[in-house]
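Coordinates from structure-v1.cif are shown below (mmCIF, C-alpha atoms).
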data_input
loop_
_atom_site.label_atom_id
_atom_site.label_comp_id
_atom_site.auth_asym_id
_atom_site.auth_seq_id
_atom_site.Cartn_x
_atom_site.Cartn_y
_atom_site.Cartn_z
CA MET A 1 25.35 131.26 -184.50
CA ALA A 2 28.44 129.37 -185.71
CA ALA A 3 30.08 132.72 -186.36
CA ILE A 4 29.70 133.57 -182.71
CA PHE A 5 31.42 130.36 -181.67
CA LEU A 6 34.35 131.26 -183.86
CA GLY A 7 34.30 134.82 -182.57
CA VAL A 8 34.42 133.91 -178.88
CA GLY A 9 37.50 131.79 -179.39
CA ALA A 10 36.37 128.28 -178.56
CA ALA A 11 39.39 126.17 -177.66
CA THR A 12 38.49 123.22 -179.84
CA ALA A 13 36.65 122.64 -183.07
CA LEU A 14 33.06 121.60 -182.53
CA SER A 15 32.49 118.01 -183.50
CA PRO A 16 29.03 116.39 -183.37
CA SER A 17 29.98 114.70 -180.12
CA ASN A 18 31.04 117.76 -178.18
CA CYS A 19 28.31 119.89 -179.74
CA PHE A 20 25.86 117.76 -177.84
CA ASP A 21 27.88 117.77 -174.62
CA SER A 22 27.69 121.38 -173.44
CA LYS A 23 29.47 120.57 -170.17
CA LYS A 24 32.58 119.34 -172.02
CA PHE A 25 32.54 122.41 -174.20
CA GLN A 26 32.23 124.76 -171.23
CA LEU A 27 34.96 123.05 -169.24
CA SER A 28 37.44 122.99 -172.08
CA THR A 29 36.71 126.61 -172.89
CA ARG A 30 37.17 127.74 -169.29
CA ARG A 31 40.46 125.90 -169.05
CA SER A 32 41.65 127.60 -172.20
CA LEU A 33 40.70 131.00 -170.83
CA SER A 34 42.25 130.56 -167.39
CA GLY A 35 45.55 132.30 -167.01
CA ARG A 36 44.78 134.91 -169.64
CA LYS A 37 44.40 138.57 -168.90
CA PRO A 38 40.84 139.96 -168.85
CA TRP A 39 39.67 140.39 -172.43
CA PHE A 40 36.69 140.47 -174.69
CA LEU A 41 36.12 140.02 -178.40
CA VAL A 42 34.31 142.41 -180.68
CA VAL A 43 32.75 140.49 -183.55
CA ARG A 44 31.58 142.72 -186.40
CA SER A 45 28.79 141.78 -188.78
CA ASP A 46 31.33 141.74 -191.63
CA GLY A 47 33.25 138.94 -189.92
CA SER A 48 36.15 141.02 -188.61
CA VAL A 49 37.28 140.31 -185.07
CA ASN A 50 38.92 142.77 -182.67
CA LEU A 51 40.49 141.79 -179.37
CA GLY A 52 39.90 144.23 -176.51
CA SER A 53 40.95 144.31 -172.89
CA ASN A 54 38.63 144.85 -170.00
CA GLN A 55 39.09 148.30 -168.55
CA ARG A 56 37.40 147.40 -165.28
CA SER A 57 39.44 145.85 -162.46
CA ARG A 58 38.05 142.44 -161.65
CA ARG A 59 39.17 139.00 -160.61
CA THR A 60 38.48 136.56 -163.42
CA GLN A 61 39.69 133.59 -161.40
CA GLN A 62 36.75 133.71 -158.98
CA LEU A 63 33.92 132.18 -160.97
CA ILE A 64 30.67 131.72 -159.08
CA THR A 65 29.29 128.68 -160.83
CA ASN A 66 26.05 128.33 -158.87
CA ALA A 67 25.18 132.04 -159.21
CA VAL A 68 23.89 132.17 -155.65
CA ALA A 69 25.54 134.34 -153.03
CA THR A 70 25.45 133.23 -149.41
CA LYS A 71 23.62 135.28 -146.81
CA ALA A 72 26.97 136.54 -145.55
CA ASP A 73 27.88 137.64 -149.08
CA SER A 74 24.61 139.52 -149.38
CA ALA A 75 25.13 141.26 -146.07
CA ALA A 76 28.65 142.20 -147.06
CA SER A 77 27.40 143.63 -150.35
CA THR A 78 24.76 145.71 -148.58
CA SER A 79 27.31 147.16 -146.18
CA ALA A 80 29.77 147.96 -148.96
CA SER A 81 31.30 151.37 -149.53
CA LYS A 82 28.75 154.13 -148.99
CA GLN A 83 30.34 156.25 -151.68
CA GLY A 84 29.55 154.03 -154.65
CA HIS A 85 27.88 155.62 -157.65
CA GLU A 86 24.33 156.61 -158.53
CA LEU A 87 22.53 154.84 -161.35
CA LEU A 88 19.03 154.67 -162.71
CA LEU A 89 17.55 151.18 -162.72
CA PHE A 90 17.94 150.69 -166.47
CA GLU A 91 21.55 151.84 -166.18
CA ALA A 92 22.16 149.35 -163.37
CA LEU A 93 20.83 146.56 -165.59
CA ARG A 94 23.17 147.70 -168.36
CA GLU A 95 26.15 147.88 -165.99
CA GLY A 96 25.51 144.33 -164.76
CA LEU A 97 25.13 143.10 -168.34
CA GLU A 98 28.28 144.88 -169.47
CA GLU A 99 30.34 143.51 -166.58
CA GLU A 100 29.26 139.97 -167.42
CA MET A 101 30.00 140.45 -171.12
CA ASP A 102 33.48 141.65 -170.17
CA ARG A 103 33.95 138.72 -167.80
CA ASP A 104 32.69 135.94 -170.07
CA PRO A 105 32.98 136.05 -173.88
CA HIS A 106 30.16 133.51 -174.17
CA VAL A 107 27.59 136.07 -172.99
CA CYS A 108 25.59 137.59 -175.85
CA VAL A 109 22.39 139.58 -176.28
CA MET A 110 19.62 139.23 -178.83
CA GLY A 111 16.26 140.85 -179.43
CA GLU A 112 14.42 143.55 -181.34
CA ASP A 113 16.33 146.85 -181.52
CA VAL A 114 18.85 145.79 -178.86
CA GLY A 115 21.77 146.76 -181.11
CA HIS A 116 22.60 150.29 -182.21
CA TYR A 117 19.21 151.63 -181.11
CA GLY A 118 20.04 150.44 -177.59
CA GLY A 119 16.82 148.65 -176.72
CA SER A 120 13.32 150.04 -176.21
CA TYR A 121 14.30 151.30 -172.73
CA LYS A 122 18.03 151.78 -173.47
CA VAL A 123 19.21 148.85 -171.34
CA THR A 124 21.62 147.76 -174.10
CA LYS A 125 22.67 151.25 -175.23
CA GLY A 126 26.29 151.33 -176.42
CA LEU A 127 26.85 147.57 -176.16
CA ALA A 128 26.75 146.95 -179.92
CA ASP A 129 29.48 149.52 -180.51
CA LYS A 130 31.65 147.91 -177.83
CA TYR A 131 31.09 144.20 -178.52
CA GLY A 132 29.99 144.04 -182.15
CA ASP A 133 26.86 143.15 -184.03
CA LEU A 134 27.06 139.40 -183.42
CA ARG A 135 27.35 139.56 -179.63
CA VAL A 136 24.58 142.18 -179.56
CA LEU A 137 22.30 140.81 -182.24
CA ASP A 138 19.35 142.71 -183.69
CA THR A 139 16.59 140.29 -184.65
CA PRO A 140 13.49 140.46 -186.84
CA ILE A 141 10.09 140.94 -185.22
CA ALA A 142 9.74 137.21 -184.61
CA GLU A 143 9.71 136.40 -180.89
CA ASN A 144 9.19 132.67 -181.30
CA SER A 145 12.15 132.45 -183.69
CA PHE A 146 14.77 134.44 -181.81
CA THR A 147 13.77 132.95 -178.45
CA GLY A 148 14.27 129.51 -179.98
CA MET A 149 17.61 130.66 -181.40
CA GLY A 150 18.65 131.81 -177.92
CA ILE A 151 17.71 128.45 -176.41
CA GLY A 152 19.71 126.65 -179.09
CA ALA A 153 22.69 128.92 -178.44
CA ALA A 154 22.48 128.13 -174.72
CA MET A 155 22.41 124.39 -175.47
CA THR A 156 25.70 124.66 -177.34
CA GLY A 157 27.68 126.70 -174.82
CA LEU A 158 26.71 130.36 -175.08
CA ARG A 159 24.98 132.41 -172.38
CA PRO A 160 22.39 134.44 -174.26
CA ILE A 161 20.20 137.20 -172.85
CA VAL A 162 16.96 137.41 -174.83
CA GLU A 163 15.13 140.72 -174.54
CA GLY A 164 11.42 140.97 -175.13
CA MET A 165 10.62 144.52 -176.22
CA ASN A 166 7.55 144.11 -174.03
CA MET A 167 6.80 141.10 -171.86
CA GLY A 168 3.41 140.76 -173.52
CA PHE A 169 5.13 139.99 -176.82
CA LEU A 170 6.76 136.92 -175.28
CA LEU A 171 3.41 135.17 -175.40
CA LEU A 172 4.36 134.59 -179.04
CA ALA A 173 7.36 132.61 -177.76
CA PHE A 174 5.45 130.63 -175.14
CA ASN A 175 5.96 127.33 -176.95
CA GLN A 176 9.75 127.79 -176.98
CA ILE A 177 9.87 128.90 -173.34
CA SER A 178 7.65 126.08 -172.12
CA ASN A 179 8.51 123.03 -174.23
CA ASN A 180 12.19 123.77 -174.83
CA CYS A 181 13.61 126.28 -172.39
CA GLY A 182 12.07 124.78 -169.27
CA MET A 183 12.11 121.09 -170.17
CA LEU A 184 15.15 120.30 -172.34
CA HIS A 185 17.48 119.67 -169.40
CA TYR A 186 15.06 116.99 -168.19
CA THR A 187 13.99 115.55 -171.54
CA SER A 188 17.62 115.24 -172.69
CA GLY A 189 18.49 113.23 -169.58
CA GLY A 190 20.77 116.01 -168.36
CA GLN A 191 22.81 116.19 -171.59
CA PHE A 192 21.99 119.87 -171.99
CA THR A 193 21.89 122.83 -169.65
CA ILE A 194 20.04 125.96 -170.76
CA PRO A 195 21.85 128.97 -169.21
CA ILE A 196 19.61 131.60 -170.78
CA VAL A 197 18.16 134.83 -169.38
CA ILE A 198 14.84 136.08 -170.73
CA ARG A 199 14.10 139.64 -169.67
CA GLY A 200 12.07 142.70 -170.56
CA PRO A 201 9.64 145.38 -169.39
CA GLY A 202 6.18 144.53 -168.15
CA GLY A 203 3.51 145.56 -165.67
CA VAL A 204 0.93 148.32 -165.74
CA GLY A 205 2.49 151.51 -167.06
CA ARG A 206 0.81 154.82 -167.66
CA GLN A 207 -1.95 154.36 -170.21
CA LEU A 208 -0.16 151.75 -172.29
CA GLY A 209 -3.36 149.84 -173.00
CA ALA A 210 -4.32 146.25 -172.25
CA GLU A 211 -1.86 144.53 -174.61
CA HIS A 212 1.15 146.44 -173.21
CA SER A 213 0.19 146.08 -169.54
CA GLN A 214 0.63 142.33 -169.17
CA ARG A 215 1.85 140.65 -165.99
CA LEU A 216 3.13 137.32 -167.26
CA GLU A 217 4.42 135.98 -163.94
CA SER A 218 1.25 133.92 -163.62
CA TYR A 219 1.71 132.46 -167.11
CA PHE A 220 5.29 131.30 -166.61
CA GLN A 221 5.18 130.13 -162.99
CA SER A 222 3.68 126.76 -163.92
CA ILE A 223 6.52 125.85 -166.32
CA PRO A 224 8.86 123.33 -164.63
CA GLY A 225 12.58 124.00 -164.82
CA ILE A 226 12.43 127.82 -164.93
CA GLN A 227 13.41 130.31 -162.23
CA MET A 228 11.67 133.69 -162.02
CA VAL A 229 12.90 136.85 -160.31
CA ALA A 230 11.59 140.41 -160.23
CA CYS A 231 13.83 143.43 -159.66
CA SER A 232 12.61 146.51 -157.80
CA THR A 233 15.70 148.68 -157.14
CA PRO A 234 18.86 149.55 -159.08
CA TYR A 235 20.87 147.55 -156.50
CA ASN A 236 18.96 144.30 -156.91
CA ALA A 237 18.43 144.86 -160.65
CA LYS A 238 22.17 144.70 -161.23
CA GLY A 239 22.74 141.91 -158.72
CA LEU A 240 19.94 139.74 -160.09
CA MET A 241 21.03 140.35 -163.68
CA LYS A 242 24.57 139.16 -162.94
CA ALA A 243 23.35 136.16 -160.95
CA ALA A 244 20.88 135.17 -163.67
CA ILE A 245 23.59 135.27 -166.35
CA ARG A 246 25.87 133.05 -164.25
CA SER A 247 23.13 130.55 -163.45
CA GLU A 248 23.07 127.19 -165.22
CA ASN A 249 19.26 127.33 -165.19
CA PRO A 250 16.94 129.35 -167.45
CA VAL A 251 15.92 132.53 -165.61
CA ILE A 252 13.14 134.97 -166.46
CA LEU A 253 13.89 138.46 -165.12
CA PHE A 254 10.82 140.67 -164.77
CA GLU A 255 11.40 144.43 -164.97
CA HIS A 256 8.64 146.97 -164.34
CA VAL A 257 8.17 149.63 -166.96
CA LEU A 258 7.60 152.35 -164.34
CA LEU A 259 10.76 151.60 -162.33
CA TYR A 260 13.40 152.13 -165.03
CA ASN A 261 14.07 155.73 -163.95
CA LEU A 262 14.36 154.90 -160.24
CA LYS A 263 17.73 156.17 -158.94
CA GLU A 264 19.87 154.63 -156.20
CA ARG A 265 23.48 154.62 -155.07
CA ILE A 266 25.05 151.19 -155.56
CA PRO A 267 28.50 149.88 -154.52
CA ASP A 268 31.55 150.27 -156.73
CA GLU A 269 32.62 146.76 -155.73
CA GLU A 270 31.33 143.77 -157.66
CA TYR A 271 28.38 141.97 -156.08
CA ILE A 272 25.60 139.58 -157.03
CA CYS A 273 22.22 138.88 -155.42
CA ASN A 274 20.83 135.51 -154.45
CA LEU A 275 18.31 134.30 -157.02
CA GLU A 276 16.34 132.48 -154.33
CA GLU A 277 16.40 134.98 -151.47
CA ALA A 278 13.80 137.54 -150.44
CA GLU A 279 14.76 141.00 -149.17
CA MET A 280 13.74 142.33 -145.76
CA VAL A 281 12.71 145.88 -146.63
CA ARG A 282 11.29 146.94 -143.25
CA PRO A 283 11.36 144.88 -140.02
CA GLY A 284 8.15 144.95 -137.97
CA GLU A 285 6.06 143.11 -135.42
CA HIS A 286 2.34 143.33 -136.23
CA VAL A 287 1.83 141.97 -139.76
CA THR A 288 3.93 140.51 -142.59
CA ILE A 289 3.39 142.25 -145.95
CA LEU A 290 4.74 140.27 -148.91
CA THR A 291 5.16 142.09 -152.20
CA TYR A 292 7.44 142.54 -155.20
CA SER A 293 8.32 144.86 -158.08
CA ARG A 294 6.38 148.14 -158.29
CA MET A 295 4.02 147.24 -155.46
CA ARG A 296 6.97 147.48 -153.06
CA TYR A 297 6.63 151.25 -153.30
CA HIS A 298 2.87 151.26 -152.82
CA VAL A 299 3.41 149.15 -149.71
CA MET A 300 6.11 151.45 -148.33
CA GLN A 301 3.88 154.45 -148.93
CA ALA A 302 1.12 152.70 -147.01
CA ALA A 303 3.59 151.73 -144.28
CA LYS A 304 4.22 155.41 -143.47
CA THR A 305 0.50 155.89 -142.85
CA LEU A 306 0.29 152.69 -140.82
CA VAL A 307 3.18 153.72 -138.56
CA ASN A 308 1.44 157.03 -137.85
CA LYS A 309 -1.62 155.02 -136.84
CA GLY A 310 0.37 152.87 -134.43
CA TYR A 311 0.93 149.77 -136.56
CA ASP A 312 4.33 148.15 -137.12
CA PRO A 313 4.27 146.28 -140.47
CA GLU A 314 7.10 144.03 -141.63
CA VAL A 315 7.67 144.45 -145.38
CA ILE A 316 9.36 141.74 -147.46
CA ASP A 317 10.17 142.04 -151.16
CA ILE A 318 9.98 138.38 -152.15
CA ARG A 319 12.07 139.03 -155.36
CA SER A 320 12.25 135.29 -156.13
CA LEU A 321 8.88 134.45 -157.68
CA LYS A 322 9.90 130.85 -158.28
CA PRO A 323 10.94 129.29 -156.00
CA PHE A 324 9.69 131.28 -152.99
CA ASP A 325 12.10 131.99 -150.13
CA LEU A 326 10.01 130.19 -147.52
CA TYR A 327 12.82 130.49 -144.96
CA THR A 328 12.59 134.29 -144.79
CA ILE A 329 8.81 134.29 -145.23
CA GLY A 330 8.30 131.62 -142.57
CA ASN A 331 10.45 133.34 -139.96
CA SER A 332 8.45 136.52 -140.43
CA ILE A 333 5.11 134.74 -140.11
CA LYS A 334 6.25 133.01 -136.93
CA LYS A 335 6.86 136.49 -135.49
CA THR A 336 3.83 138.45 -136.73
CA HIS A 337 1.21 135.67 -137.19
CA ARG A 338 -0.58 137.72 -139.87
CA VAL A 339 0.02 137.92 -143.64
CA LEU A 340 -0.96 140.42 -146.30
CA ILE A 341 0.11 139.78 -149.91
CA VAL A 342 0.17 142.74 -152.29
CA GLU A 343 0.74 142.14 -156.00
CA GLU A 344 0.10 143.73 -159.38
CA CYS A 345 -0.60 140.31 -160.89
CA MET A 346 -4.18 139.21 -161.53
CA ARG A 347 -6.08 137.66 -158.65
CA THR A 348 -6.99 134.44 -160.45
CA GLY A 349 -3.98 132.15 -160.75
CA GLY A 350 -1.48 134.85 -159.82
CA ILE A 351 1.69 134.81 -157.74
CA GLY A 352 -0.41 135.72 -154.70
CA ALA A 353 -2.54 132.61 -155.11
CA SER A 354 0.54 130.37 -155.26
CA LEU A 355 2.11 132.16 -152.30
CA THR A 356 -1.10 131.77 -150.30
CA ALA A 357 -1.09 128.04 -150.98
CA ALA A 358 2.57 127.69 -149.96
CA ILE A 359 2.04 129.60 -146.70
CA THR A 360 -1.08 127.60 -145.86
CA GLU A 361 0.71 124.31 -146.43
CA ASN A 362 3.81 125.22 -144.44
CA PHE A 363 2.84 127.76 -141.77
CA HIS A 364 -0.87 127.36 -141.14
CA ASP A 365 -0.38 126.69 -137.41
CA TYR A 366 1.37 130.04 -136.94
CA LEU A 367 -1.46 132.14 -138.41
CA ASP A 368 -3.83 134.04 -136.13
CA ALA A 369 -5.94 135.36 -139.02
CA PRO A 370 -6.76 134.33 -142.60
CA ILE A 371 -4.27 135.34 -145.29
CA VAL A 372 -5.37 138.45 -147.20
CA CYS A 373 -4.30 138.94 -150.82
CA LEU A 374 -4.67 142.24 -152.68
CA SER A 375 -4.33 141.77 -156.44
CA SER A 376 -5.25 143.49 -159.68
CA GLN A 377 -8.78 142.99 -160.86
CA ASP A 378 -9.48 140.24 -163.38
CA VAL A 379 -10.17 142.66 -166.23
CA PRO A 380 -8.17 143.92 -169.22
CA THR A 381 -6.23 147.01 -168.18
CA PRO A 382 -8.17 150.08 -169.39
CA TYR A 383 -6.45 152.81 -171.39
CA ALA A 384 -8.14 155.64 -169.45
CA GLY A 385 -5.83 156.69 -166.61
CA THR A 386 -8.53 156.92 -163.92
CA LEU A 387 -9.91 153.49 -164.77
CA GLU A 388 -6.40 152.05 -164.98
CA GLU A 389 -5.75 153.08 -161.35
CA TRP A 390 -8.97 151.40 -160.24
CA THR A 391 -7.77 148.03 -161.55
CA VAL A 392 -4.46 148.12 -159.58
CA VAL A 393 -3.95 147.99 -155.80
CA GLN A 394 -3.53 151.45 -154.25
CA PRO A 395 -1.86 152.41 -150.92
CA ALA A 396 -5.19 153.28 -149.26
CA GLN A 397 -6.41 149.71 -149.85
CA ILE A 398 -3.26 148.36 -148.19
CA VAL A 399 -3.84 150.54 -145.11
CA THR A 400 -7.44 149.35 -144.82
CA ALA A 401 -6.46 145.70 -145.21
CA VAL A 402 -3.82 145.94 -142.44
CA GLU A 403 -6.25 147.66 -140.09
CA GLN A 404 -8.78 144.86 -140.62
CA LEU A 405 -6.14 142.14 -140.22
CA CYS A 406 -4.88 143.54 -136.92
CA GLN A 407 -8.29 144.00 -135.29
#

As structure tokens:
Amino acid sequence: MAAIFLGVGAATALSPSNCFDSKKFQLSTRRSLSGRKPWFLVVRSDGSVNLGSNQRSRRTQQLITNAVATKADSAASTSASKQGHELLLFEALREGLEEEMDRDPHVCVMGEDVGHYGGSYKVTKGLADKYGDLRVLDTPIAENSFTGMGIGAAMTGLRPIVEGMNMGFLLLAFNQISNNCGMLHYTSGGQFTIPIVIRGPGGVGRQLGAEHSQRLESYFQSIPGIQMVACSTPYNAKGLMKAAIRSENPVILFEHVLLYNLKERIPDEEYICNLEEAEMVRPGEHVTILTYSRMRYHVMQAAKTLVNKGYDPEVIDIRSLKPFDLYTIGNSIKKTHRVLIVEECMRTGGIGASLTAAITENFHDYLDAPIVCLSSQDVPTPYAGTLEEWTVVQPAQIVTAVEQLCQ
């Protein structure tokens, strides 16, 4: 990783003292970069370095250090130019990643086949050619090792994005994510920050089998010090990617394997999404439906049927899986007084269970009916397509649950 430090043009030589003080390193580096024209470095595996200029128009002076847009910023982004450009979700992730790599030479990517192959779902396609083999680093099939390398790089001033080829494979890196990624800021007494993004595809696909259909949100939610977000549209995929990279905290970005080819028009202007803010998908009056990721589309399909039956559901994509946006959720519950949670996670110990507990603790007095949670069954995901569908919540189940809640 020392080669990367040399390649990104650190302002000062790294002594033992400032190696351990990442804040000093970051501040000195930012001061050295201020006043320069937008640029990026291409670091080749042979050690050669090429200086390139950023072809996109952007304002490098405006650095958002807390990586959280205000509500006004979010509204402004949503109402941005209608023209924009259409992207698939995986392309939106790539565009957000590329913009941040242009903006900050400390941003790098590592993982299996992320280089010239372009990643298992082509999120990093073309980045190795543009930025070089050391900023887009192909790793061996050793998740525990390269996740630990990413955490170490974050401790010493870089902003790595670690890609898991499949989220299920990151179970092999659970020790690094739990004991180091989530806890080092605390156990070091604040000497280190860990600005790392861990991302990759997950969820139930189409006959991918039990090992490739993992929903690891429930595994990681109990780790202190980690934020978790789940993208569901090209717009929020790009915005959450950019916000996660700029965050000083470790962020796990969950991407659903079946949403990569979802197309949407997004603004040409730069924007980021709030890492701790839910999205109001559909305002309503009768019941609050809380969901995220792929289940957003099952809920919206069910909502069409419910409207035809005379119901008016309010749909919220919670997006932030940790922490929950209890402000948005609470305001909705105070209006509808009924809650349905729809998730693809397992019922036992899932996101729905934690969300149910949070709502009960904070908004119990506003509920006119018990909270209902629809989750995947507690079984390994079958390979057979028909059986696979039976294990995951379907739109008809959502319609039935709302009808029972509103009786």

task = Kindly extract all protein, DNA and RNA residues lying within 9 Å of the coordinates (3.6, 135.6, -155.3) given in the file, considering only C-alpha atoms, and supply them as a list of chain:residue names.
result =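 Those residues lying close to the given coordinates are A:Glu217, A:Ser218, A:Leu290, A:Thr291, A:Tyr292, A:Ile318, A:Ser320, A:Leu321, A:Lys322, A:Phe324, A:Ile341, A:Val342, A:Glu343, A:Cys345, A:Gly350, A:Ile351, A:Gly352, A:Ala353, A:Ser354, A:Leu355, A:Thr356.
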
inquiry  = Take the PyMOL selection byres ((chain A and resi 374) around 12), run it mentally on this structure, and tell me the resulting residues as an MDAnalysis selection string.
reply    = chainID A and resid 289:291 295 298:299 339:348 350:353 356 371:373 375:378 391:402

note = If you count only C-alpha atoms, the residue of A:Arg282, A:Lys125, A:Lys238, A:Arg294 closest to A:Arg265 turns out to be A:Lys238

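Rounded to one decimal, atom CA of A:Glu403 and atom CA of A:Met300 lie 15.3 Å from each other.
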
message = If the PyMOL selection byres ((chain A and resi 266) around 7) were run on this exact file, what residues would it hold? Put them as number ranges by chain.
response = A: 84-86, 235, 264-265, 267-268

Write to file, as a PDB file, keeping the file's coordinate frame, the residues of the selection just made, with C-alpha atoms.
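Result file follows (selection35.pdb):
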ATOM      1  CA  GLY A  84      29.550 154.030-154.650  1.00  0.00           C
ATOM      2  CA  HIS A  85      27.880 155.620-157.650  1.00  0.00           C
ATOM      3  CA  GLU A  86      24.330 156.610-158.530  1.00  0.00           C
ATOM      4  CA  TYR A 235      20.870 147.550-156.500  1.00  0.00           C
ATOM      5  CA  GLU A 264      19.870 154.630-156.200  1.00  0.00           C
ATOM      6  CA  ARG A 265      23.480 154.620-155.070  1.00  0.00           C
ATOM      7  CA  PRO A 267      28.500 149.880-154.520  1.00  0.00           C
ATOM      8  CA  ASP A 268      31.550 150.270-156.730  1.00  0.00           C
TER       9      ASP A 268
END

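Distance check against A:Met155 using all atoms listed in the file: of A:Ile198, A:Leu184, A:Ala369, A:Leu262, the minimum falls on A:Leu184.
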
query = Separation of atom CA of A:Thr147 and atom CA of A:Cys181, in Å?
reply =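 We find that atom CA of A:Thr147 and atom CA of A:Cys181 lie 9.0 Å from each other.
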